[in-house]
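Contents: one structure, followed by commentary.
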Amino acid sequence: MSKAVIVLVLLAAFLAGFAGGYLFSSASTPSGAQAPPTRVTVSTTTSLYQTHLLDDLLADFKNATGLSVEFSVLAKGSGEALRLLSDGSACLGFTHAPSLELKYLLNGSIVRLSIFAYNEFVIVGPKDDPAGVSNAASAVDAFKRIYEAGEKGLAKFVSRGDNSGTHVRELQLWKLAGLDPSGKAWYLVSGQGMAQTLLMADNLKAYTLTDVGTLQSLVSQGKISNLVVLLRDPKLLINVYSFYVSSSQSCRSKDVSNLALLLAEYLNTRGQQLIASKYKDLFNPALQNLTVVESAWVELSRLA
Amino acid sequence: MESLLDITLRSLWISGLASLVSFIAALALSFSLARARESVANVVAGFLESLVGVPTTVIGLLTYMLLYPRGPLAPLNLLYTPWAIVIGESLVALPVSAVVLYRSVRRSLSVVSELAASLGLTSGGLFGIVAREIIPDLFTSYLVGFSRAIGELGVALIAGGGIQGYTNVLTTAIALETSIGNYEDAISVGLVLISITALITLALKTMGERIWRSS
Amino acid sequence: MEVVLEGVSHTYNGREYALEEVGLSIDGPGLYLVVGPNGSGKTTLLKIVSLNLRPSRGRVIVDGLDAWNTSKREFAELKSKFVYSHDKPILLRGTCRYNLTMGGRLSGRVDEDFMKRLIEIFEAEKLLERKSRELSAGQAKLCSLIRALSVKAEVYALDEPFNSLDSSNVSRLLAVLRELSNTKAVLVSTHFLYEGLLNSAKKTIRLINGKIA
Ligand SMILES: Nc1ncnc2c1ncn2[C@@H]1O[C@H](COP(=O)(O)OP(=O)(O)OP(=O)(O)O)[C@@H](O)[C@H]1O
Ligand SMILES: [Mg+2]
């Protein structure tokens, strides 16, 4: 009697667990595939994920090559994405933080296979622009103006604070301006992704630095009511996306290296066309401008 | 976003299995604790109680450190798989499951042992009887573990990665949708999460009471 | 079977003594009455005699063996000769029948025929399928008594067995205990000094404030 009851309890729990487990495992094995697809973990900055560019590229890559590989895509800030690469937790990575990338390149934990796209960061802020950012001569000048207005209590700035590519660039700009806003009452650290940070800035009528991709997608969804683009600066605000492979032991198998090389080759050829045709408002293919983009990367990577 | 049904089913089996694992571990733990000397047992139980409040992100990091390529369990190749979440979430659910069970097992075991002794028995074999005496608490223990597992984010995000079509569960879907500013989808996933927890709690509780009342 | 208590004292809290320097012998079959006011130590004594409680001081000698200074196996062997029945019945969740079955399962040596006879004597068939939580006080007492008495043993220590029983069940139980005491040692603590009981007693142990009076 007592045993029957215990068995019943366990059975109920098992049912909850394994009914779903069965459904799931049967759903994840593609029908008709001979060998189970190898799974490769990819870490990416959120902007590539959110704009679906990465999904499109990876799907098109599979189409083009006929490989049956499964990509496990982790959407993280560039800082975390690079950390995962250097740990070998992810083997392939897509990031946009040159100065962080350089550190990992120098200690040999990652290898760059391609610079495949670029676009720009922009400084956004409230329409009435109390800091006068739209009149600034450069991004550095704009940050100086925001700082001054902030000190006067006229403006606020929202920082990502998450070691993402955007955050790193923001810190570089403060440094170039010779200013340190940390701890200021008008300098708010969200610690969140770009979209949340933009929504926060929108609600608070604050300034912030953003990539155009995330901004566009929120604007097109009608979620932005106060923010407008106030400043572009092609020189200081260029945003370069690179493709890396981890040199960690766990990513050194022949399969992974081959895949990485194939993917790099794809990104430099057919991928470029896809970016140019389908994402022309959001991203620029890097190859046609490679010398400019590469030297921008080098310059950015040197900024502490 | 992938289909809500897929995410929900995945969440159910991962958290159902994780809380089952922790439930079984909690059973073993409670019974061995209930048999241990009271002073020792109280210290361990107090420790477990304090673990109930550990942030799931910490457990997520711990699981990551166990499974990542330089971690001790790296050869298992479990990082960013559903099994990583199962492991982490069973750690998340264990303390709360065990705390609920332990007191009830201890109370019941002392009564049942007293009865057994009075009939001339000196040792062992009381597991089944005690388990039967505390059926409602067994359900409660499993349920609180399950609720904590299915509602946690830290492990699912850090050790699972929130990979679409593979390790994306309800909480990571909420986090991911939120992080890309898609609050509308995030809230609908949130509502699913709430209704599932409520439904399962209700169903298992009723079942527990049925069994309890019928015997 | 012979049980001898030598200089047995017991304290639950380290301050007051529930039993003090008790010496006593249970020599073979017979009805042993334990009487005394509330809190005088009857329950304590029965638990000590039946090896359910280890006294703070003194020795419990069973057939010449100092029971609490024996090997685990020897003790288990000795212990299996004793049954103690609680004054407040301990019933498991489930029916009375389940409790009777578990009595057999726990002790491992139940006398099925005697159990059937007891059920008949106490007209307890109608109780069997009732859930233990739904039994009245007297019904619960009967169920636990049947469970205890149907376990095979040499010494039966029954704590307040007549409590909550109606008069017809009291006389049935008296008859059963008289019969049982022909072959076994039966210790009964009680406040109800029925004539029939006093007459049949081989020995009456009077406790006052933890001492034998
Ligand atoms: N578990 C316990 N912890 C502390 N003290 C106890 C415990 N059990 C009994 N005592 C104390 O020991 C003394 C003897 O108790 P015991 O139960 O043996 O008395 P009793 O003669 O059976 O009384 P009653 O007629 O009320 O059943 C009492 O003073 C009681 O308060
Ligand atoms: Mg008493």
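Order determines the names: the first chain of the structure tokens is A, the second B, and so forth; residues in each chain are numbered 1 upward, and ligands are numbered 1 upward as they are shown.
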
message: Just want the 10 Å neighbourhood of Val144 in chain B, counted on only C-alpha atoms, with same-chain residues fewer than 5 positions away dropped. Output as a PyMOL selection string.
response: chain B and resi 19+23+93-94+96-97+100+139+149+197+201

Exercise answer, chain C residues close to chain B, 9 Å and only C-alpha atoms, as a CSV table (one decimal) with N, CA, C and O atoms, in the first residue's frame:
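The file below, selection_4.csv, is the result:
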```csv
chain,number,residue,atom,x,y,z
C,47,LYS,N,8.0,1.6,30.6
C,47,LYS,CA,8.9,1.8,29.5
C,47,LYS,C,10.3,1.2,29.8
C,47,LYS,O,10.9,0.6,28.9
C,50,SER,N,10.1,-2.6,29.7
C,50,SER,CA,10.0,-3.2,28.4
C,50,SER,C,11.1,-2.8,27.4
C,50,SER,O,11.0,-3.0,26.2
C,51,LEU,N,12.1,-2.2,28.0
C,51,LEU,CA,13.4,-1.9,27.3
C,51,LEU,C,13.1,-0.8,26.2
C,51,LEU,O,13.8,-0.6,25.3
C,52,ASN,N,12.0,0.0,26.5
C,52,ASN,CA,11.8,1.2,25.6
C,52,ASN,C,12.5,2.4,26.0
C,52,ASN,O,12.5,3.4,25.3
C,72,LYS,N,24.6,-5.2,20.1
C,72,LYS,CA,23.4,-4.8,19.4
C,72,LYS,C,22.5,-6.0,19.1
C,72,LYS,O,21.3,-5.9,19.2
C,75,PHE,N,20.8,-7.4,22.2
C,75,PHE,CA,19.8,-6.5,22.6
C,75,PHE,C,18.5,-6.6,21.7
C,75,PHE,O,17.4,-6.7,22.3
C,76,ALA,N,18.7,-6.7,20.4
C,76,ALA,CA,17.6,-6.8,19.5
C,76,ALA,C,16.8,-8.1,19.8
C,76,ALA,O,15.6,-8.2,19.8
C,78,LEU,N,16.7,-9.7,22.8
C,78,LEU,CA,16.0,-9.5,24.0
C,78,LEU,C,14.7,-8.6,23.8
C,78,LEU,O,13.6,-9.0,24.2
C,79,LYS,N,15.0,-7.5,23.0
C,79,LYS,CA,13.9,-6.6,22.8
C,79,LYS,C,12.7,-7.2,22.2
C,79,LYS,O,11.5,-6.8,22.5
C,80,SER,N,12.9,-8.2,21.3
C,80,SER,CA,11.8,-8.8,20.6
C,80,SER,C,10.9,-9.6,21.5
C,80,SER,O,9.9,-10.1,21.0
C,81,LYS,N,11.3,-9.7,22.7
C,81,LYS,CA,10.4,-10.5,23.7
C,81,LYS,C,9.5,-9.6,24.4
C,81,LYS,O,8.7,-10.0,25.2
C,82,PHE,N,9.6,-8.2,24.1
C,82,PHE,CA,8.7,-7.3,24.8
C,82,PHE,C,7.8,-6.5,23.9
C,82,PHE,O,8.2,-6.2,22.8
C,83,VAL,N,6.6,-6.2,24.5
C,83,VAL,CA,5.7,-5.3,23.8
C,83,VAL,C,5.3,-4.3,24.8
C,83,VAL,O,5.0,-4.6,25.9
C,84,TYR,N,5.2,-3.1,24.3
C,84,TYR,CA,4.7,-2.0,25.1
C,84,TYR,C,3.6,-1.3,24.4
C,84,TYR,O,3.6,-1.1,23.2
C,85,SER,N,2.5,-1.1,25.1
C,85,SER,CA,1.4,-0.4,24.5
C,85,SER,C,1.2,1.0,25.1
C,85,SER,O,1.0,1.1,26.4
C,86,HIS,N,1.2,2.0,24.3
C,86,HIS,CA,1.2,3.4,24.8
C,86,HIS,C,-0.2,3.7,25.4
C,86,HIS,O,-1.2,3.2,25.0
C,90,ILE,N,-0.7,5.2,19.5
C,90,ILE,CA,0.0,5.7,18.3
C,90,ILE,C,-0.6,5.0,17.1
C,90,ILE,O,-0.3,3.8,17.0
C,91,LEU,N,-1.4,5.6,16.3
C,91,LEU,CA,-1.9,4.9,15.1
C,91,LEU,C,-1.4,5.6,13.9
C,91,LEU,O,-1.3,6.8,13.8
C,92,LEU,N,-1.0,4.8,12.9
C,92,LEU,CA,-0.5,5.3,11.6
C,92,LEU,C,-1.7,5.8,10.8
C,92,LEU,O,-2.8,5.3,11.0
C,93,ARG,N,-1.4,6.7,9.8
C,93,ARG,CA,-2.4,7.1,8.9
C,93,ARG,C,-2.9,5.9,8.1
C,93,ARG,O,-2.1,5.1,7.7
C,94,GLY,N,-4.2,5.8,8.0
C,94,GLY,CA,-4.7,4.6,7.3
C,94,GLY,C,-5.8,3.9,8.1
C,94,GLY,O,-6.2,4.5,9.2
C,95,THR,N,-6.3,2.8,7.7
C,95,THR,CA,-7.4,2.1,8.4
C,95,THR,C,-6.8,1.4,9.6
C,95,THR,O,-5.6,1.2,9.8
C,102,MET,N,0.5,-3.5,9.9
C,102,MET,CA,1.8,-2.9,10.1
C,102,MET,C,2.4,-3.4,11.5
C,102,MET,O,3.6,-3.5,11.6
C,103,GLY,N,1.5,-3.6,12.4
C,103,GLY,CA,2.0,-4.2,13.7
C,103,GLY,C,2.7,-5.5,13.4
C,103,GLY,O,3.8,-5.7,13.9
C,104,GLY,N,2.1,-6.3,12.6
C,104,GLY,CA,2.8,-7.6,12.2
C,104,GLY,C,4.1,-7.3,11.4
C,104,GLY,O,5.1,-7.9,11.7
C,106,LEU,N,6.0,-4.6,11.4
C,106,LEU,CA,7.1,-4.0,12.2
C,106,LEU,C,7.7,-5.0,13.2
C,106,LEU,O,8.9,-5.0,13.3
C,107,SER,N,6.8,-5.8,13.8
C,107,SER,CA,7.4,-6.7,14.8
C,107,SER,C,7.9,-8.0,14.1
C,107,SER,O,8.8,-8.6,14.7
C,108,GLY,N,7.3,-8.4,13.0
C,108,GLY,CA,7.8,-9.5,12.3
C,108,GLY,C,7.3,-10.8,13.0
C,108,GLY,O,7.8,-11.9,12.6
C,131,LYS,N,-10.9,4.7,9.1
C,131,LYS,CA,-9.6,5.4,9.1
C,131,LYS,C,-9.2,5.7,10.5
C,131,LYS,O,-10.1,6.1,11.3
C,147,ARG,N,-3.5,-4.6,18.2
C,147,ARG,CA,-2.3,-4.7,17.5
C,147,ARG,C,-1.1,-5.1,18.5
C,147,ARG,O,-0.3,-6.0,18.1
C,148,ALA,N,-1.1,-4.6,19.7
C,148,ALA,CA,-0.1,-4.9,20.7
C,148,ALA,C,-0.2,-6.4,21.1
C,148,ALA,O,0.8,-7.1,21.2
C,151,VAL,N,0.9,-9.3,18.8
C,151,VAL,CA,2.4,-9.6,18.6
C,151,VAL,C,2.9,-10.6,19.6
C,151,VAL,O,2.6,-10.5,20.8
C,153,ALA,N,5.1,-12.3,22.2
C,153,ALA,CA,6.2,-11.8,23.1
C,153,ALA,C,6.1,-12.5,24.4
C,153,ALA,O,5.2,-13.4,24.5
```

Would you mind listing what lies within 9 Å of Val192 in chain B as an mmCIF file with C-alpha atoms, in the first residue's frame, with only C-alpha atoms counted and same-chain residues fewer than 6 positions away left out?
```cif
data_model
loop_
_atom_site.group_PDB
_atom_site.id
_atom_site.type_symbol
_atom_site.label_atom_id
_atom_site.label_comp_id
_atom_site.auth_asym_id
_atom_site.auth_seq_id
_atom_site.Cartn_x
_atom_site.Cartn_y
_atom_site.Cartn_z
ATOM 1 C CA LEU B 4 5.563 29.714 -26.924
ATOM 2 C CA THR B 8 6.810 26.043 -22.334
ATOM 3 C CA LEU B 170 10.313 30.710 -20.071
#
```

- request: May I have the residues within 12 Å of ligand 1, computed using only C-alpha atoms and all ligand atoms, as a PyMOL selection string?
  value: chain C and resi 9-20+34-48+53+86-88+158-161+163+188-192+205-212

The selected residues should be written to file as a compact mmCIF listing (two decimals), in the first residue's frame (atoms: N, CA and C atoms).
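Below is the file again-v7.txt, written as the result:
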```txt
# COMPACT_ATOMS: atom_id res chain seq x y z
N SER C 9 17.02 4.30 38.61
CA SER C 9 16.55 5.68 38.76
C SER C 9 16.45 6.27 37.37
N HIS C 10 15.47 7.17 37.20
CA HIS C 10 15.41 7.84 35.90
C HIS C 10 15.02 9.31 36.05
N THR C 11 15.73 10.13 35.29
CA THR C 11 15.35 11.54 35.24
C THR C 11 15.27 11.95 33.77
N TYR C 12 14.21 12.70 33.45
CA TYR C 12 14.04 13.14 32.06
C TYR C 12 14.82 14.43 31.79
N ASN C 13 14.93 15.26 32.88
CA ASN C 13 15.48 16.59 32.65
C ASN C 13 16.77 16.85 33.43
N GLY C 14 17.26 15.84 34.14
CA GLY C 14 18.50 16.03 34.88
C GLY C 14 18.30 16.67 36.25
N ARG C 15 17.07 17.06 36.55
CA ARG C 15 16.82 17.69 37.85
C ARG C 15 15.95 16.80 38.75
N GLU C 16 14.70 16.58 38.29
CA GLU C 16 13.82 15.77 39.14
C GLU C 16 13.85 14.32 38.68
N TYR C 17 13.66 13.43 39.66
CA TYR C 17 13.64 12.01 39.33
C TYR C 17 12.23 11.50 39.16
N ALA C 18 11.96 10.84 38.02
CA ALA C 18 10.66 10.24 37.78
C ALA C 18 10.60 8.87 38.46
N LEU C 19 11.76 8.25 38.58
CA LEU C 19 11.88 7.00 39.34
C LEU C 19 13.15 7.10 40.18
N GLU C 20 13.10 6.56 41.40
CA GLU C 20 14.27 6.65 42.25
C GLU C 20 14.54 5.32 42.93
N VAL C 34 0.58 -2.10 38.15
CA VAL C 34 1.38 -0.95 38.56
C VAL C 34 0.39 0.16 38.86
N VAL C 35 0.34 0.58 40.10
CA VAL C 35 -0.64 1.60 40.47
C VAL C 35 0.05 2.76 41.16
N GLY C 36 -0.66 3.88 41.23
CA GLY C 36 -0.10 5.06 41.87
C GLY C 36 -0.72 6.30 41.28
N PRO C 37 -0.58 7.44 41.99
CA PRO C 37 -1.19 8.68 41.51
C PRO C 37 -0.55 9.18 40.21
N ASN C 38 -1.17 10.19 39.62
CA ASN C 38 -0.65 10.78 38.39
C ASN C 38 0.77 11.28 38.62
N GLY C 39 1.61 11.00 37.67
CA GLY C 39 2.99 11.50 37.75
C GLY C 39 3.87 10.73 38.71
N SER C 40 3.39 9.57 39.18
CA SER C 40 4.19 8.84 40.16
C SER C 40 5.27 7.98 39.48
N GLY C 41 5.19 7.83 38.17
CA GLY C 41 6.26 7.11 37.48
C GLY C 41 5.85 5.80 36.85
N LYS C 42 4.56 5.55 36.71
CA LYS C 42 4.08 4.27 36.17
C LYS C 42 4.52 4.08 34.72
N THR C 43 4.25 5.11 33.91
CA THR C 43 4.62 5.01 32.50
C THR C 43 6.13 4.82 32.36
N THR C 44 6.87 5.59 33.15
CA THR C 44 8.33 5.49 33.12
C THR C 44 8.78 4.07 33.44
N LEU C 45 8.18 3.51 34.46
CA LEU C 45 8.55 2.16 34.87
C LEU C 45 8.25 1.14 33.78
N LEU C 46 7.05 1.23 33.19
CA LEU C 46 6.69 0.27 32.15
C LEU C 46 7.63 0.36 30.95
N LYS C 47 8.00 1.60 30.60
CA LYS C 47 8.91 1.76 29.45
C LYS C 47 10.28 1.18 29.76
N ILE C 48 10.70 1.32 31.04
CA ILE C 48 12.01 0.79 31.40
C ILE C 48 11.98 -0.74 31.42
N LEU C 53 12.99 2.39 27.27
CA LEU C 53 13.63 3.57 27.82
C LEU C 53 14.84 3.10 28.61
N HIS C 86 1.24 2.02 24.30
CA HIS C 86 1.19 3.40 24.81
C HIS C 86 -0.15 3.73 25.45
N ASP C 87 -0.09 4.59 26.48
CA ASP C 87 -1.36 5.05 27.07
C ASP C 87 -2.15 5.84 26.03
N LYS C 88 -1.44 6.75 25.30
CA LYS C 88 -2.11 7.43 24.18
C LYS C 88 -1.76 6.64 22.92
N LEU C 158 1.39 -2.95 29.40
CA LEU C 158 0.24 -2.20 28.86
C LEU C 158 0.00 -0.98 29.74
N ASP C 159 0.14 0.20 29.11
CA ASP C 159 0.00 1.44 29.87
C ASP C 159 -1.45 1.90 29.81
N GLU C 160 -2.10 1.92 30.95
CA GLU C 160 -3.50 2.35 31.06
C GLU C 160 -4.39 1.70 30.01
N PRO C 161 -4.42 0.39 29.90
CA PRO C 161 -5.19 -0.25 28.82
C PRO C 161 -6.70 -0.04 28.96
N ASN C 163 -8.24 2.68 29.89
CA ASN C 163 -8.66 4.05 29.60
C ASN C 163 -9.58 4.10 28.39
N VAL C 188 0.36 -4.20 33.87
CA VAL C 188 -0.71 -3.27 33.56
C VAL C 188 -0.66 -2.10 34.53
N SER C 189 -0.54 -0.89 33.98
CA SER C 189 -0.64 0.27 34.85
C SER C 189 -2.08 0.75 34.79
N THR C 190 -2.62 1.15 35.93
CA THR C 190 -4.02 1.56 35.90
C THR C 190 -4.40 2.39 37.11
N HIS C 191 -5.42 3.19 36.89
CA HIS C 191 -6.02 3.92 38.01
C HIS C 191 -7.29 3.23 38.45
N PHE C 192 -7.76 2.30 37.62
CA PHE C 192 -9.04 1.67 37.91
C PHE C 192 -8.81 0.33 38.59
N ILE C 205 2.39 -3.42 42.24
CA ILE C 205 3.50 -2.51 42.51
C ILE C 205 2.93 -1.12 42.72
N ARG C 206 3.12 -0.57 43.91
CA ARG C 206 2.60 0.76 44.20
C ARG C 206 3.71 1.78 44.10
N LEU C 207 3.46 2.79 43.29
CA LEU C 207 4.46 3.84 43.13
C LEU C 207 3.94 5.13 43.74
N ILE C 208 4.80 5.80 44.49
CA ILE C 208 4.48 7.14 44.97
C ILE C 208 5.73 7.99 44.80
N ASN C 209 5.56 9.07 44.04
CA ASN C 209 6.70 9.96 43.80
C ASN C 209 7.94 9.24 43.31
N GLY C 210 7.75 8.26 42.44
CA GLY C 210 8.89 7.60 41.83
C GLY C 210 9.51 6.52 42.70
N LYS C 211 8.91 6.27 43.88
CA LYS C 211 9.48 5.22 44.71
C LYS C 211 8.44 4.14 44.94
N ILE C 212 8.92 2.92 45.16
CA ILE C 212 7.99 1.83 45.45
C ILE C 212 7.55 1.94 46.89
```

Dump as a short mmCIF file (atom, residue, chain, number, x, y, z; two decimals) with C-alpha atoms, in the first residue's frame the residues of chain B that approach chain A to within 7 Å, counting only C-alpha atoms.
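Result file follows (selection23.cif):
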```cif
data_model
loop_
_atom_site.label_atom_id
_atom_site.label_comp_id
_atom_site.auth_asym_id
_atom_site.auth_seq_id
_atom_site.Cartn_x
_atom_site.Cartn_y
_atom_site.Cartn_z
CA LEU B 9 7.27 22.32 -22.91
CA ARG B 10 11.02 22.72 -22.65
CA LEU B 12 8.34 21.96 -18.04
CA TRP B 13 10.56 19.00 -18.69
CA ILE B 14 13.77 20.73 -17.63
CA GLY B 16 10.23 19.03 -13.76
CA LEU B 17 13.28 16.80 -14.03
CA LEU B 20 12.55 15.61 -9.30
CA TYR B 68 32.98 25.25 -18.70
CA PRO B 69 35.98 23.95 -20.66
CA GLY B 128 8.28 3.52 3.54
CA ILE B 129 6.03 3.99 6.54
CA ARG B 132 3.45 7.32 3.63
CA GLY B 161 22.54 30.37 -22.44
CA GLY B 162 18.95 30.93 -23.55
CA ILE B 163 19.68 29.38 -26.94
CA SER B 179 16.59 42.96 -23.28
CA ILE B 180 15.60 43.70 -26.85
CA GLY B 181 12.80 45.96 -25.69
#
```

- request: Name all residues at most 6 Å from Arg160 in chain A (count only C-alpha atoms; drop same-chain ones fewer than 3 positions away) and give them as JSON, numbers by chain.
  value: {"A": [167, 189, 190, 191, 192]}

I need the residues from that last selection saved to file as a compact mmCIF listing (two decimals), in the first residue's frame (with N, CA and C atoms), if you can.
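Done, and the output landed in again36.txt:
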```txt
# COMPACT_ATOMS: atom_id res chain seq x y z
N HIS A 167 29.22 50.27 -24.41
CA HIS A 167 29.67 50.82 -23.14
C HIS A 167 31.16 51.16 -23.20
N VAL A 189 23.61 54.63 -14.47
CA VAL A 189 24.11 53.38 -15.02
C VAL A 189 22.98 52.35 -15.02
N SER A 190 22.57 51.90 -16.21
CA SER A 190 21.43 50.98 -16.26
C SER A 190 21.85 49.54 -16.01
N GLY A 191 23.05 49.16 -16.42
CA GLY A 191 23.47 47.77 -16.28
C GLY A 191 22.66 46.83 -17.16
N GLN A 192 21.98 47.34 -18.17
CA GLN A 192 21.08 46.53 -18.98
C GLN A 192 21.48 46.56 -20.44
```

- prompt: Between CA of Pro29 in chain C and CA of Tyr156 in chain C, what is the spacing in Å?
  reply: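 These atoms are spaced 10.2 Å apart.
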
Pick out the residues sitting within 12 Å of Ile121 in chain C, and hand them over as a PDB file with C-alpha atoms, in the first residue's frame; count only C-alpha atoms, and ignore anything fewer than 4 positions along from it in its own chain.
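The resulting result02.pdb:
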```
ATOM      1  CA  PHE C 114      -4.960 -14.690  18.221  1.00  0.00           C
ATOM      2  CA  MET C 115      -5.542 -11.442  16.344  1.00  0.00           C
ATOM      3  CA  LYS C 116      -8.683 -12.912  14.771  1.00  0.00           C
ATOM      4  CA  ARG C 117      -9.883 -14.073  18.153  1.00  0.00           C
ATOM      5  CA  GLU C 125     -14.820  -6.146  12.666  1.00  0.00           C
ATOM      6  CA  LEU C 142      -9.038  -1.038  21.107  1.00  0.00           C
ATOM      7  CA  ILE C 146      -5.376  -5.614  19.488  1.00  0.00           C
ATOM      8  CA  SER C 168     -18.297  -4.357  28.516  1.00  0.00           C
ATOM      9  CA  ASN C 169     -14.942  -3.892  26.806  1.00  0.00           C
ATOM     10  CA  VAL C 170     -13.291  -3.537  30.213  1.00  0.00           C
ATOM     11  CA  SER C 171     -14.563  -6.952  31.246  1.00  0.00           C
ATOM     12  CA  ARG C 172     -13.630  -8.489  27.880  1.00  0.00           C
ATOM     13  CA  LEU C 173     -10.111  -7.083  28.240  1.00  0.00           C
ATOM     14  CA  LEU C 174      -9.905  -8.370  31.808  1.00  0.00           C
ATOM     15  CA  ALA C 175     -10.742 -11.857  30.631  1.00  0.00           C
ATOM     16  CA  VAL C 176      -8.203 -11.641  27.818  1.00  0.00           C
TER      17      VAL C 176
END
```

message: Let me make sure I understand: among C:Thr101, C:Ser181, C:Ser144, C:Ser71, which one has the smallest atom-to-atom distance to chain A if we use only C-alpha atoms?
response: C:Thr101

message: Could you pull out the strand (DSSP E) residues of range 73-136 of chain A, going by DSSP on the backbone, and write them as a list in words?
response: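 Checking each residue of range 73-136 of chain A, the strand (DSSP E) ones are Val73, Leu74, Ala75, Lys76, Leu92, Gly93, Phe94, Thr95, Ile110, Val111, Arg112, Leu113, Ser114, Ile115, Phe116, Ala117, Tyr118, Asn119, Glu120, Phe121, Val122, Ile123, Val124, Gly125 and Pro126 of chain A.
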
task: Would you list the contacts of Ser90 in chain B as a ChimeraX atom specification, taking every protein, DNA or RNA residue within 12 Å and counting only C-alpha atoms, but skipping same-chain residues closer than 4 positions in sequence?
output: /B:14-26,56,59-60,63,83-86,94-98,142,144-150,152,155-156

field: Pick from C:Ala157, C:Arg133, C:Glu123, C:Asp27 nearest to ligand 2, counting only C-alpha atoms and all ligand atoms
entry: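 Result for the nearest residue to ligand 2: C:Ala157.
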
task: Find the distance between CA of Glu49 in chain B and CA of Leu29 in chain B and write it in Å to one decimal.
output: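 It comes out at 13.4 Å.
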
- prompt: If you measure from CA of Phe94 in chain A to CA of Asn239 in chain A, what distance in Å do you get, rounded to one decimal?
  reply: 12.6 Å
